[in-house]
>>> print(open('run_20.txt').read())   # compact mmCIF, C-alpha atoms and all ligand atoms
# COMPACT_ATOMS: atom_id res chain seq x y z
CA MET A 1 25.77 -18.25 -11.71
CA THR A 2 25.54 -21.63 -13.50
CA PRO A 3 24.35 -23.96 -10.73
CA GLU A 4 24.23 -27.71 -11.07
CA ILE A 5 21.28 -27.90 -8.69
CA VAL A 6 18.29 -25.53 -8.67
CA ILE A 7 16.03 -25.80 -5.63
CA LEU A 8 12.57 -24.23 -5.56
CA THR A 9 11.15 -23.74 -2.07
CA GLY A 10 7.64 -22.86 -0.91
CA ALA A 11 5.71 -22.28 2.27
CA GLY A 12 6.03 -25.94 3.35
CA ILE A 13 9.71 -25.50 4.20
CA SER A 14 8.84 -22.81 6.74
CA ALA A 15 5.76 -24.58 8.16
CA GLU A 16 7.70 -26.20 11.00
CA SER A 17 9.16 -22.79 11.88
CA GLY A 18 5.61 -21.76 12.74
CA LEU A 19 4.87 -19.77 9.57
CA GLY A 20 1.58 -20.84 8.05
CA THR A 21 1.21 -22.26 4.56
CA PHE A 22 -1.42 -20.88 2.16
CA ARG A 23 -3.59 -23.69 0.89
CA ASP A 24 -3.43 -26.45 3.52
CA ALA A 25 -6.38 -26.84 5.90
CA GLY A 26 -6.20 -23.72 8.10
CA GLY A 27 -3.81 -22.07 5.62
CA LEU A 28 -3.59 -18.30 5.21
CA TRP A 29 -5.78 -18.12 2.10
CA THR A 30 -8.52 -20.08 3.92
CA LYS A 31 -8.61 -17.33 6.59
CA VAL A 32 -8.13 -14.17 4.50
CA PRO A 33 -9.27 -14.03 0.87
CA LEU A 34 -6.16 -13.35 -1.19
CA GLU A 35 -8.11 -10.81 -3.29
CA LYS A 36 -8.33 -8.63 -0.15
CA VAL A 37 -4.60 -8.52 0.58
CA ALA A 38 -2.47 -9.83 -2.26
CA THR A 39 -3.41 -7.77 -5.31
CA PRO A 40 -2.61 -4.19 -6.41
CA GLU A 41 -6.39 -3.59 -6.47
CA ALA A 42 -6.70 -4.53 -2.78
CA TYR A 43 -3.95 -2.03 -1.92
CA ALA A 44 -5.71 0.67 -3.97
CA VAL A 45 -9.03 0.05 -2.18
CA ASP A 46 -7.83 -0.41 1.41
CA PRO A 47 -4.07 0.16 1.82
CA GLU A 48 -4.30 0.28 5.61
CA PHE A 49 -5.81 -3.21 5.78
CA VAL A 50 -3.19 -4.57 3.37
CA LEU A 51 -0.30 -2.99 5.30
CA GLY A 52 -1.72 -4.38 8.55
CA PHE A 53 -1.86 -7.89 7.09
CA TYR A 54 1.81 -7.73 6.03
CA ASN A 55 2.86 -6.07 9.30
CA ALA A 56 1.49 -9.12 11.13
CA ARG A 57 3.30 -11.49 8.74
CA ARG A 58 6.55 -9.52 9.12
CA GLN A 59 6.25 -9.74 12.90
CA GLY A 60 5.59 -13.49 12.63
CA CYS A 61 8.75 -13.77 10.61
CA VAL A 62 10.84 -11.97 13.23
CA GLU A 63 9.60 -14.42 15.86
CA ALA A 64 10.24 -17.53 13.71
CA GLN A 65 13.52 -19.41 13.55
CA PRO A 66 14.96 -21.36 10.62
CA ASN A 67 14.38 -25.11 10.99
CA ALA A 68 16.49 -28.17 10.15
CA ALA A 69 15.45 -28.01 6.49
CA HIS A 70 16.69 -24.42 5.99
CA HIS A 71 19.92 -25.28 7.80
CA ALA A 72 20.48 -28.42 5.70
CA LEU A 73 20.09 -26.48 2.43
CA ALA A 74 22.51 -23.79 3.66
CA ARG A 75 24.98 -26.56 4.57
CA LEU A 76 24.67 -27.97 1.05
CA GLN A 77 25.32 -24.55 -0.48
CA LYS A 78 28.39 -23.99 1.70
CA LYS A 79 29.85 -27.40 0.82
CA ARG A 80 29.20 -26.89 -2.90
CA PRO A 81 29.95 -23.16 -3.45
CA GLY A 82 28.38 -21.82 -6.63
CA ASP A 83 26.68 -25.14 -7.41
CA VAL A 84 23.33 -24.73 -5.68
CA LEU A 85 20.81 -21.97 -6.41
CA ILE A 86 17.77 -21.64 -4.14
CA VAL A 87 14.77 -19.95 -5.72
CA THR A 88 12.21 -19.29 -3.02
CA GLN A 89 8.58 -18.26 -3.30
CA ASN A 90 8.72 -17.38 0.39
CA VAL A 91 8.81 -13.78 1.55
CA ASP A 92 10.31 -14.73 4.92
CA ASP A 93 14.07 -14.51 5.55
CA LEU A 94 14.63 -17.97 7.01
CA HIS A 95 16.96 -19.17 4.23
CA GLU A 96 19.33 -16.26 4.78
CA ARG A 97 19.13 -16.56 8.55
CA ALA A 98 20.08 -20.25 8.20
CA GLY A 99 23.19 -19.12 6.33
CA SER A 100 22.28 -19.41 2.64
CA PRO A 101 24.62 -17.07 0.73
CA PRO A 102 22.65 -14.06 -0.66
CA ALA A 103 24.27 -14.52 -4.09
CA GLU A 104 22.83 -18.05 -4.26
CA LEU A 105 19.28 -17.17 -3.22
CA ILE A 106 16.50 -15.56 -5.27
CA HIS A 107 13.27 -14.31 -3.66
CA MET A 108 11.03 -14.53 -6.71
CA HIS A 109 7.96 -13.29 -4.78
CA GLY A 110 9.83 -10.51 -2.95
CA GLU A 111 10.66 -10.04 0.72
CA LEU A 112 8.75 -8.84 3.78
CA ARG A 113 11.88 -7.06 4.97
CA ARG A 114 11.94 -4.81 1.93
CA ALA A 115 9.74 -1.89 0.88
CA LEU A 116 8.59 -0.76 -2.55
CA CYS A 117 7.30 2.68 -3.48
CA ALA A 118 4.07 2.21 -5.42
CA GLY A 119 4.71 5.67 -6.88
CA CYS A 120 8.27 5.62 -8.24
CA GLY A 121 9.26 1.95 -7.92
CA HIS A 122 12.15 2.56 -5.49
CA GLN A 123 13.02 -0.53 -3.36
CA TRP A 124 14.79 -0.51 -0.01
CA GLY A 125 15.27 -2.49 3.24
CA TRP A 126 12.52 -2.33 5.85
CA GLU A 127 12.21 -3.35 9.52
CA GLY A 128 9.12 -3.10 11.70
CA ASP A 129 5.62 -1.97 10.85
CA MET A 130 4.72 -0.02 7.74
CA ALA A 131 2.14 2.80 7.85
CA LEU A 132 0.42 5.01 5.31
CA SER A 133 2.28 8.01 6.73
CA ASP A 134 5.66 6.48 5.78
CA ALA A 135 7.36 8.28 2.91
CA CYS A 136 9.52 6.96 0.10
CA PRO A 137 13.14 8.16 0.61
CA GLU A 138 13.44 8.81 -3.14
CA CYS A 139 10.26 10.64 -4.19
CA ARG A 140 8.82 11.47 -0.72
CA SER A 141 5.35 10.20 -1.67
CA ASN A 142 3.22 8.31 0.86
CA CYS A 143 2.55 5.16 -1.10
CA VAL A 144 4.92 2.74 0.54
CA ARG A 145 4.05 -0.96 0.25
CA PRO A 146 5.79 -4.22 1.13
CA ASP A 147 8.13 -5.39 -1.65
CA VAL A 148 6.19 -8.59 -2.22
CA VAL A 149 4.84 -9.75 -5.56
CA TRP A 150 1.06 -9.70 -5.69
CA PHE A 151 -1.27 -11.62 -8.00
CA GLY A 152 -1.23 -9.95 -11.38
CA GLU A 153 2.39 -8.77 -10.95
CA MET A 154 5.53 -10.21 -12.50
CA PRO A 155 7.76 -12.28 -10.17
CA TYR A 156 11.36 -11.11 -9.82
CA ARG A 157 14.46 -12.22 -11.74
CA MET A 158 12.67 -14.61 -14.06
CA GLU A 159 15.32 -14.46 -16.79
CA GLU A 160 18.02 -15.52 -14.36
CA ILE A 161 15.83 -18.30 -12.99
CA TYR A 162 14.96 -19.73 -16.41
CA ALA A 163 18.62 -19.56 -17.46
CA ALA A 164 19.64 -21.54 -14.35
CA ILE A 165 16.86 -24.11 -14.87
CA ALA A 166 17.81 -24.55 -18.53
CA GLN A 167 21.31 -25.75 -17.71
CA CYS A 168 21.02 -27.43 -14.29
CA ALA A 169 21.45 -31.19 -13.86
CA LEU A 170 18.95 -31.50 -11.01
CA PHE A 171 15.80 -29.53 -10.18
CA VAL A 172 14.31 -30.03 -6.72
CA SER A 173 10.97 -28.71 -5.50
CA ILE A 174 10.44 -28.45 -1.75
CA GLY A 175 7.28 -27.62 0.21
CA THR A 176 5.19 -26.12 -2.54
CA SER A 177 1.72 -27.17 -3.71
CA GLY A 178 2.40 -26.38 -7.38
CA ASN A 179 -0.65 -24.15 -7.68
CA VAL A 180 0.96 -20.85 -8.58
CA TYR A 181 2.61 -20.07 -11.90
CA PRO A 182 5.23 -19.40 -13.10
CA ALA A 183 6.92 -21.43 -10.31
CA ALA A 184 4.58 -24.38 -10.89
CA GLY A 185 5.91 -24.59 -14.44
CA PHE A 186 9.60 -24.86 -13.50
CA VAL A 187 9.56 -28.67 -13.26
CA ALA A 188 8.37 -29.03 -16.86
CA GLU A 189 11.00 -26.54 -18.03
CA ALA A 190 13.74 -28.41 -16.20
CA ALA A 191 12.66 -31.83 -17.48
CA GLN A 192 12.39 -30.46 -21.00
CA ALA A 193 15.97 -29.19 -20.74
CA GLY A 194 17.19 -32.62 -19.63
CA ALA A 195 17.47 -32.20 -15.85
CA GLU A 196 16.50 -34.83 -13.31
CA THR A 197 13.58 -33.64 -11.19
CA LEU A 198 12.76 -34.45 -7.58
CA GLU A 199 9.85 -33.44 -5.37
CA LEU A 200 10.30 -33.28 -1.60
CA ASN A 201 6.96 -32.47 0.01
CA LEU A 202 4.66 -33.49 2.82
CA GLU A 203 2.34 -35.06 0.25
CA PRO A 204 2.14 -35.32 -3.55
CA SER A 205 1.65 -31.81 -4.98
CA GLU A 206 -0.59 -30.79 -7.88
CA GLY A 207 2.23 -31.47 -10.33
CA ALA A 208 3.62 -34.58 -8.61
CA ARG A 209 3.36 -36.74 -11.75
CA LEU A 210 5.71 -34.34 -13.58
CA PHE A 211 8.67 -35.27 -11.36
CA HIS A 212 11.02 -38.18 -12.04
CA ALA A 213 11.14 -38.99 -8.32
CA SER A 214 9.51 -37.89 -5.11
CA ARG A 215 9.81 -38.30 -1.36
CA HIS A 216 7.10 -37.41 1.08
CA GLY A 217 7.38 -36.33 4.70
CA LYS A 218 8.10 -33.34 6.89
CA ALA A 219 10.73 -30.99 5.51
CA SER A 220 12.70 -31.02 8.78
CA GLN A 221 13.21 -34.76 8.32
CA ILE A 222 13.41 -35.46 4.59
CA ILE A 223 15.57 -32.47 3.61
CA PRO A 224 18.49 -33.13 5.99
CA ASP A 225 18.43 -36.82 4.91
CA TRP A 226 18.50 -35.87 1.24
CA VAL A 227 21.32 -33.34 1.77
CA GLU A 228 23.43 -35.94 3.60
CA GLU A 229 22.92 -38.33 0.67
CA ILE A 230 23.96 -35.70 -1.87
CA LEU A 231 27.02 -34.73 0.13
CA GLY A 232 27.98 -38.35 0.68
CA ALA A 233 27.59 -39.30 -2.97
P1 LIG B 301 1.01 -23.72 -0.42
O1 LIG B 301 0.35 -23.42 0.88
O2 LIG B 301 0.17 -23.63 -1.64
O3 LIG B 301 1.64 -25.18 -0.37
C1 LIG B 301 2.46 -25.61 0.70
C2 LIG B 301 2.90 -27.04 0.44
O4 LIG B 301 3.77 -27.41 1.49
C3 LIG B 301 1.76 -28.07 0.39
O5 LIG B 301 1.93 -28.93 -0.72
C4 LIG B 301 1.94 -28.85 1.70
O6 LIG B 301 1.60 -30.22 1.58
C5 LIG B 301 3.44 -28.70 1.95
N1 LIG B 301 3.82 -28.78 3.37
C6 LIG B 301 3.13 -28.37 4.46
N2 LIG B 301 3.83 -28.60 5.57
C7 LIG B 301 4.99 -29.19 5.20
C8 LIG B 301 6.13 -29.68 5.90
N3 LIG B 301 6.23 -29.61 7.23
N4 LIG B 301 7.15 -30.21 5.18
C9 LIG B 301 7.07 -30.29 3.82
N5 LIG B 301 6.02 -29.85 3.11
C10 LIG B 301 4.99 -29.29 3.78
O7 LIG B 301 2.29 -22.77 -0.52
P2 LIG B 301 3.19 -22.41 -1.79
O8 LIG B 301 3.17 -23.52 -2.79
O9 LIG B 301 4.48 -21.93 -1.31
O10 LIG B 301 2.38 -16.31 -3.47
O11 LIG B 301 2.39 -21.19 -2.39
C11 LIG B 301 2.88 -20.57 -3.54
C12 LIG B 301 2.50 -19.12 -3.54
O12 LIG B 301 1.09 -18.99 -3.33
C13 LIG B 301 3.09 -18.30 -2.41
O13 LIG B 301 4.41 -17.89 -2.69
C14 LIG B 301 2.16 -17.15 -2.32
C15 LIG B 301 0.87 -17.90 -2.40
O14 LIG B 301 -0.23 -17.21 -2.84
C16 LIG B 301 2.06 -15.02 -3.43
O15 LIG B 301 1.60 -14.48 -2.44
C17 LIG B 301 2.34 -14.29 -4.72
>>> encode(input="run_20.txt", output="structure tokens")
Amino acid sequence: MTPEIVILTGAGISAESGLGTFRDAGGLWTKVPLEKVATPEAYAVDPEFVLGFYNARRQGCVEAQPNAAHHALARLQKKRPGDVLIVTQNVDDLHERAGSPPAELIHMHGELRRALCAGCGHQWGWEGDMALSDACPECRSNCVRPDVVWFGEMPYRMEEIYAAIAQCALFVSIGTSGNVYPAAGFVAEAAQAGAETLELNLEPSEGARLFHASRHGKASQIIPDWVEEILGA
């Protein structure tokens, strides 16, 4: 895919769907230390606790609905087939449930609705709670984990993402604080390659000064407005 627009999304786009962000006041990482649930070491020490944490997040995801921002981005993708790639850091499935085409969506931090065998690396679809007694369908071992990228692990499909960023005309960052690399570095890569860059976020992010332009406000309001402008242009 050689998209004209690459859109990076983060937890802020799903905030109004009721899914918590990580670093805002009351965010997930202010309640649970990430070292206890989002590292391979945490899973090695207390897998039951880690699985329980992600079971609760998966359940939260089932109960959440896509909001106007997810729907607006899906509308943009449908009106401009093949032109718009969404790269999401989110492990929820709200982009796909809003209608984003799977071929135009990359979950760089994995997905709650997928499982990964910590033994053999097999990946497969998953619904409902995960338990230590669950076995991998490939190697039969009992070391099933959510297929989400933890700190210290390599995000997915990075080559594809960098290739898309290198040739896009516009890079847009939505609802992300710009704290976590490599995603936080995408804006610099895009600008370096000659793309226009735009931040759409509740407030200026860590890397706000790296963007050519920015708009601040709730995703459910500023994203549909921006999409209408793009489609009307
Ligand atoms: P953060 O919680 O770090 O940042 C969320 C951003 O969304 C903040 O800049 C908020 O201001 C903004 N925000 C909040 N509500 C919003 C709204 N209604 N509309 C628009 N913006 C809003 O979340 P991420 O940047 O996504 O990784 O975090 C990046 C990664 O850190 C996550 O993917 C996760 C986490 O640790 C892993 O677990 C590997």
>>> closest_residue(input="run_20.txt", among="A:Gly232, A:Gly194, A:Gly175, A:Pro3", to="ligand LIG 301 (chain B)", atoms="all atoms listed in the file")
A:Gly175
>>> atom_distance(input="run_20.txt", atom1="atom CA of Asn142 of chain A", atom2="atom CA of Arg114 of chain A")
15.8 Å
>>> residues_near_ligand(input="run_20.txt", ligand="ligand LIG 301 (chain B)", cutoff="9 Å", atoms="all atoms listed in the file", output="number ranges by chain")
A: 9-17, 20-24, 27-29, 34, 38-39, 69, 88-91, 108-110, 148-153, 155, 174-181, 183-184, 200-206, 216-223
>>> write_last_selection(input="run_20.txt", atoms="C-alpha atoms", output="mmCIF file, keeping the file's coordinate frame")
data_model
loop_
_atom_site.group_PDB
_atom_site.id
_atom_site.type_symbol
_atom_site.label_atom_id
_atom_site.label_comp_id
_atom_site.auth_asym_id
_atom_site.auth_seq_id
_atom_site.Cartn_x
_atom_site.Cartn_y
_atom_site.Cartn_z
ATOM 1 C CA THR A 9 11.150 -23.740 -2.070
ATOM 2 C CA GLY A 10 7.640 -22.860 -0.910
ATOM 3 C CA ALA A 11 5.710 -22.280 2.270
ATOM 4 C CA GLY A 12 6.030 -25.940 3.350
ATOM 5 C CA ILE A 13 9.710 -25.500 4.200
ATOM 6 C CA SER A 14 8.840 -22.810 6.740
ATOM 7 C CA ALA A 15 5.760 -24.580 8.160
ATOM 8 C CA GLU A 16 7.700 -26.200 11.000
ATOM 9 C CA SER A 17 9.160 -22.790 11.880
ATOM 10 C CA GLY A 20 1.580 -20.840 8.050
ATOM 11 C CA THR A 21 1.210 -22.260 4.560
ATOM 12 C CA PHE A 22 -1.420 -20.880 2.160
ATOM 13 C CA ARG A 23 -3.590 -23.690 0.890
ATOM 14 C CA ASP A 24 -3.430 -26.450 3.520
ATOM 15 C CA GLY A 27 -3.810 -22.070 5.620
ATOM 16 C CA LEU A 28 -3.590 -18.300 5.210
ATOM 17 C CA TRP A 29 -5.780 -18.120 2.100
ATOM 18 C CA LEU A 34 -6.160 -13.350 -1.190
ATOM 19 C CA ALA A 38 -2.470 -9.830 -2.260
ATOM 20 C CA THR A 39 -3.410 -7.770 -5.310
ATOM 21 C CA ALA A 69 15.450 -28.010 6.490
ATOM 22 C CA THR A 88 12.210 -19.290 -3.020
ATOM 23 C CA GLN A 89 8.580 -18.260 -3.300
ATOM 24 C CA ASN A 90 8.720 -17.380 0.390
ATOM 25 C CA VAL A 91 8.810 -13.780 1.550
ATOM 26 C CA MET A 108 11.030 -14.530 -6.710
ATOM 27 C CA HIS A 109 7.960 -13.290 -4.780
ATOM 28 C CA GLY A 110 9.830 -10.510 -2.950
ATOM 29 C CA VAL A 148 6.190 -8.590 -2.220
ATOM 30 C CA VAL A 149 4.840 -9.750 -5.560
ATOM 31 C CA TRP A 150 1.060 -9.700 -5.690
ATOM 32 C CA PHE A 151 -1.270 -11.620 -8.000
ATOM 33 C CA GLY A 152 -1.230 -9.950 -11.380
ATOM 34 C CA GLU A 153 2.390 -8.770 -10.950
ATOM 35 C CA PRO A 155 7.760 -12.280 -10.170
ATOM 36 C CA ILE A 174 10.440 -28.450 -1.750
ATOM 37 C CA GLY A 175 7.280 -27.620 0.210
ATOM 38 C CA THR A 176 5.190 -26.120 -2.540
ATOM 39 C CA SER A 177 1.720 -27.170 -3.710
ATOM 40 C CA GLY A 178 2.400 -26.380 -7.380
ATOM 41 C CA ASN A 179 -0.650 -24.150 -7.680
ATOM 42 C CA VAL A 180 0.960 -20.850 -8.580
ATOM 43 C CA TYR A 181 2.610 -20.070 -11.900
ATOM 44 C CA ALA A 183 6.920 -21.430 -10.310
ATOM 45 C CA ALA A 184 4.580 -24.380 -10.890
ATOM 46 C CA LEU A 200 10.300 -33.280 -1.600
ATOM 47 C CA ASN A 201 6.960 -32.470 0.010
ATOM 48 C CA LEU A 202 4.660 -33.490 2.820
ATOM 49 C CA GLU A 203 2.340 -35.060 0.250
ATOM 50 C CA PRO A 204 2.140 -35.320 -3.550
ATOM 51 C CA SER A 205 1.650 -31.810 -4.980
ATOM 52 C CA GLU A 206 -0.590 -30.790 -7.880
ATOM 53 C CA HIS A 216 7.100 -37.410 1.080
ATOM 54 C CA GLY A 217 7.380 -36.330 4.700
ATOM 55 C CA LYS A 218 8.100 -33.340 6.890
ATOM 56 C CA ALA A 219 10.730 -30.990 5.510
ATOM 57 C CA SER A 220 12.700 -31.020 8.780
ATOM 58 C CA GLN A 221 13.210 -34.760 8.320
ATOM 59 C CA ILE A 222 13.410 -35.460 4.590
ATOM 60 C CA ILE A 223 15.570 -32.470 3.610
#
>>> closest_residue(input="run_20.txt", among="A:Asp225, A:Glu196, A:Ala103, A:Asp147", to="Trp124 of chain A", atoms="all atoms listed in the file")
A:Asp147
>>> closest_residue(input="run_20.txt", among="A:Ala188, A:Met154, A:Val50, A:Ala193", to="Ala166 of chain A", atoms="all atoms listed in the file")
A:Ala193
>>> closest_residue(input="run_20.txt", among="A:Pro146, A:Pro182, A:Gly52, A:Pro81", to="Leu112 of chain A", atoms="all atoms listed in the file")
A:Pro146
>>> atom_distance(input="run_20.txt", atom1="atom CA of Val227 of chain A", atom2="atom CA of Arg75 of chain A")
8.2 Å
>>> residues_around(input="run_20.txt", residues="Ala213 of chain A", least_positions_apart="6", cutoff="12 Å", atoms="only C-alpha atoms", output="ChimeraX atom specification")
/A:170-173,187,191,195-201,204,207
>>> write_last_selection(input="run_20.txt", atoms="C-alpha atoms", output="PDB file, in the coordinates of the input")
ATOM      1  CA  LEU A 170      18.950 -31.500 -11.010  1.00  0.00           C
ATOM      2  CA  PHE A 171      15.800 -29.530 -10.180  1.00  0.00           C
ATOM      3  CA  VAL A 172      14.310 -30.030  -6.720  1.00  0.00           C
ATOM      4  CA  SER A 173      10.970 -28.710  -5.500  1.00  0.00           C
ATOM      5  CA  VAL A 187       9.560 -28.670 -13.260  1.00  0.00           C
ATOM      6  CA  ALA A 191      12.660 -31.830 -17.480  1.00  0.00           C
ATOM      7  CA  ALA A 195      17.470 -32.200 -15.850  1.00  0.00           C
ATOM      8  CA  GLU A 196      16.500 -34.830 -13.310  1.00  0.00           C
ATOM      9  CA  THR A 197      13.580 -33.640 -11.190  1.00  0.00           C
ATOM     10  CA  LEU A 198      12.760 -34.450  -7.580  1.00  0.00           C
ATOM     11  CA  GLU A 199       9.850 -33.440  -5.370  1.00  0.00           C
ATOM     12  CA  LEU A 200      10.300 -33.280  -1.600  1.00  0.00           C
ATOM     13  CA  ASN A 201       6.960 -32.470   0.010  1.00  0.00           C
ATOM     14  CA  PRO A 204       2.140 -35.320  -3.550  1.00  0.00           C
ATOM     15  CA  GLY A 207       2.230 -31.470 -10.330  1.00  0.00           C
TER      16      GLY A 207
END
>>> residues_around(input="run_20.txt", residues="Ile86 of chain A", least_positions_apart="3", cutoff="10 Å", atoms="all atoms listed in the file", output="PyMOL selection string")
chain A and resi 3+5-9+73-74+77+89+95+100-107+161+172-173
>>> closest_residue(input="run_20.txt", among="A:Cys143, A:Leu85, A:Val37, A:Cys168", to="Asn55 of chain A", atoms="all atoms listed in the file")
A:Val37
>>> closest_residue(input="run_20.txt", among="A:Ala164, A:Gly119, A:Arg145, A:Asp129", to="Tyr43 of chain A", atoms="all atoms listed in the file")
A:Arg145
>>> atom_distance(input="run_20.txt", atom1="atom CA of Ala115 of chain A", atom2="atom CA of Leu19 of chain A")
20.5 Å
>>> residues_around(input="run_20.txt", residues="Pro137 of chain A", least_positions_apart="6", cutoff="10 Å", atoms="all atoms listed in the file", output="tab-separated table (two decimals) with C-alpha atoms, in the frame of the given file")
chain	number	residue	atom	x	y	z
A	117	CYS	CA	7.30	2.68	-3.48
A	122	HIS	CA	12.15	2.56	-5.49
A	123	GLN	CA	13.02	-0.53	-3.36
A	124	TRP	CA	14.79	-0.51	-0.01
A	144	VAL	CA	4.92	2.74	0.54
>>> decode(input="run_20.txt", residues="segment 121-135 of chain A", atoms="N, CA, C and O atoms", output="short mmCIF file (atom, residue, chain, number, x, y, z; two decimals), in the first residue's frame")
data_model
loop_
_atom_site.label_atom_id
_atom_site.label_comp_id
_atom_site.auth_asym_id
_atom_site.auth_seq_id
_atom_site.Cartn_x
_atom_site.Cartn_y
_atom_site.Cartn_z
N GLY A 121 5.47 -18.92 19.61
CA GLY A 121 5.26 -17.71 18.80
C GLY A 121 4.02 -17.74 17.93
O GLY A 121 3.75 -16.80 17.18
N HIS A 122 3.23 -18.82 18.00
CA HIS A 122 2.01 -18.90 17.20
C HIS A 122 1.04 -17.79 17.63
O HIS A 122 0.95 -17.46 18.81
N GLN A 123 0.31 -17.21 16.64
CA GLN A 123 -0.65 -16.13 16.90
C GLN A 123 -2.00 -16.55 16.35
O GLN A 123 -2.08 -17.08 15.25
N TRP A 124 -3.06 -16.27 17.09
CA TRP A 124 -4.39 -16.63 16.62
C TRP A 124 -5.46 -15.75 17.29
O TRP A 124 -5.19 -15.06 18.25
N GLY A 125 -6.69 -15.79 16.73
CA GLY A 125 -7.78 -14.97 17.25
C GLY A 125 -8.24 -15.46 18.61
O GLY A 125 -8.18 -16.66 18.90
N TRP A 126 -8.69 -14.52 19.45
CA TRP A 126 -9.10 -14.89 20.81
C TRP A 126 -10.33 -14.09 21.25
O TRP A 126 -10.38 -12.87 21.06
N GLU A 127 -11.32 -14.76 21.83
CA GLU A 127 -12.47 -14.08 22.43
C GLU A 127 -12.56 -14.52 23.88
O GLU A 127 -12.23 -15.65 24.20
N GLY A 128 -13.02 -13.64 24.74
CA GLY A 128 -13.26 -14.01 26.13
C GLY A 128 -11.98 -14.03 26.96
O GLY A 128 -10.93 -13.57 26.54
N ASP A 129 -12.12 -14.56 28.19
CA ASP A 129 -11.00 -14.54 29.12
C ASP A 129 -9.92 -15.56 28.73
O ASP A 129 -10.20 -16.58 28.11
N MET A 130 -8.71 -15.25 29.16
CA MET A 130 -7.57 -16.13 28.92
C MET A 130 -7.13 -16.66 30.28
O MET A 130 -7.10 -15.90 31.26
N ALA A 131 -6.77 -17.95 30.35
CA ALA A 131 -6.34 -18.53 31.63
C ALA A 131 -5.06 -19.32 31.42
O ALA A 131 -4.74 -19.74 30.30
N LEU A 132 -4.36 -19.54 32.52
CA LEU A 132 -3.09 -20.29 32.44
C LEU A 132 -3.28 -21.70 31.93
O LEU A 132 -2.38 -22.30 31.36
N SER A 133 -4.47 -22.24 32.10
CA SER A 133 -4.74 -23.61 31.64
C SER A 133 -4.98 -23.68 30.13
O SER A 133 -5.03 -24.77 29.56
N ASP A 134 -5.13 -22.53 29.47
CA ASP A 134 -5.36 -22.55 28.02
C ASP A 134 -4.10 -23.02 27.28
O ASP A 134 -2.99 -22.62 27.64
N ALA A 135 -4.32 -23.84 26.25
CA ALA A 135 -3.17 -24.39 25.53
C ALA A 135 -3.06 -23.80 24.14
O ALA A 135 -4.06 -23.47 23.50
#
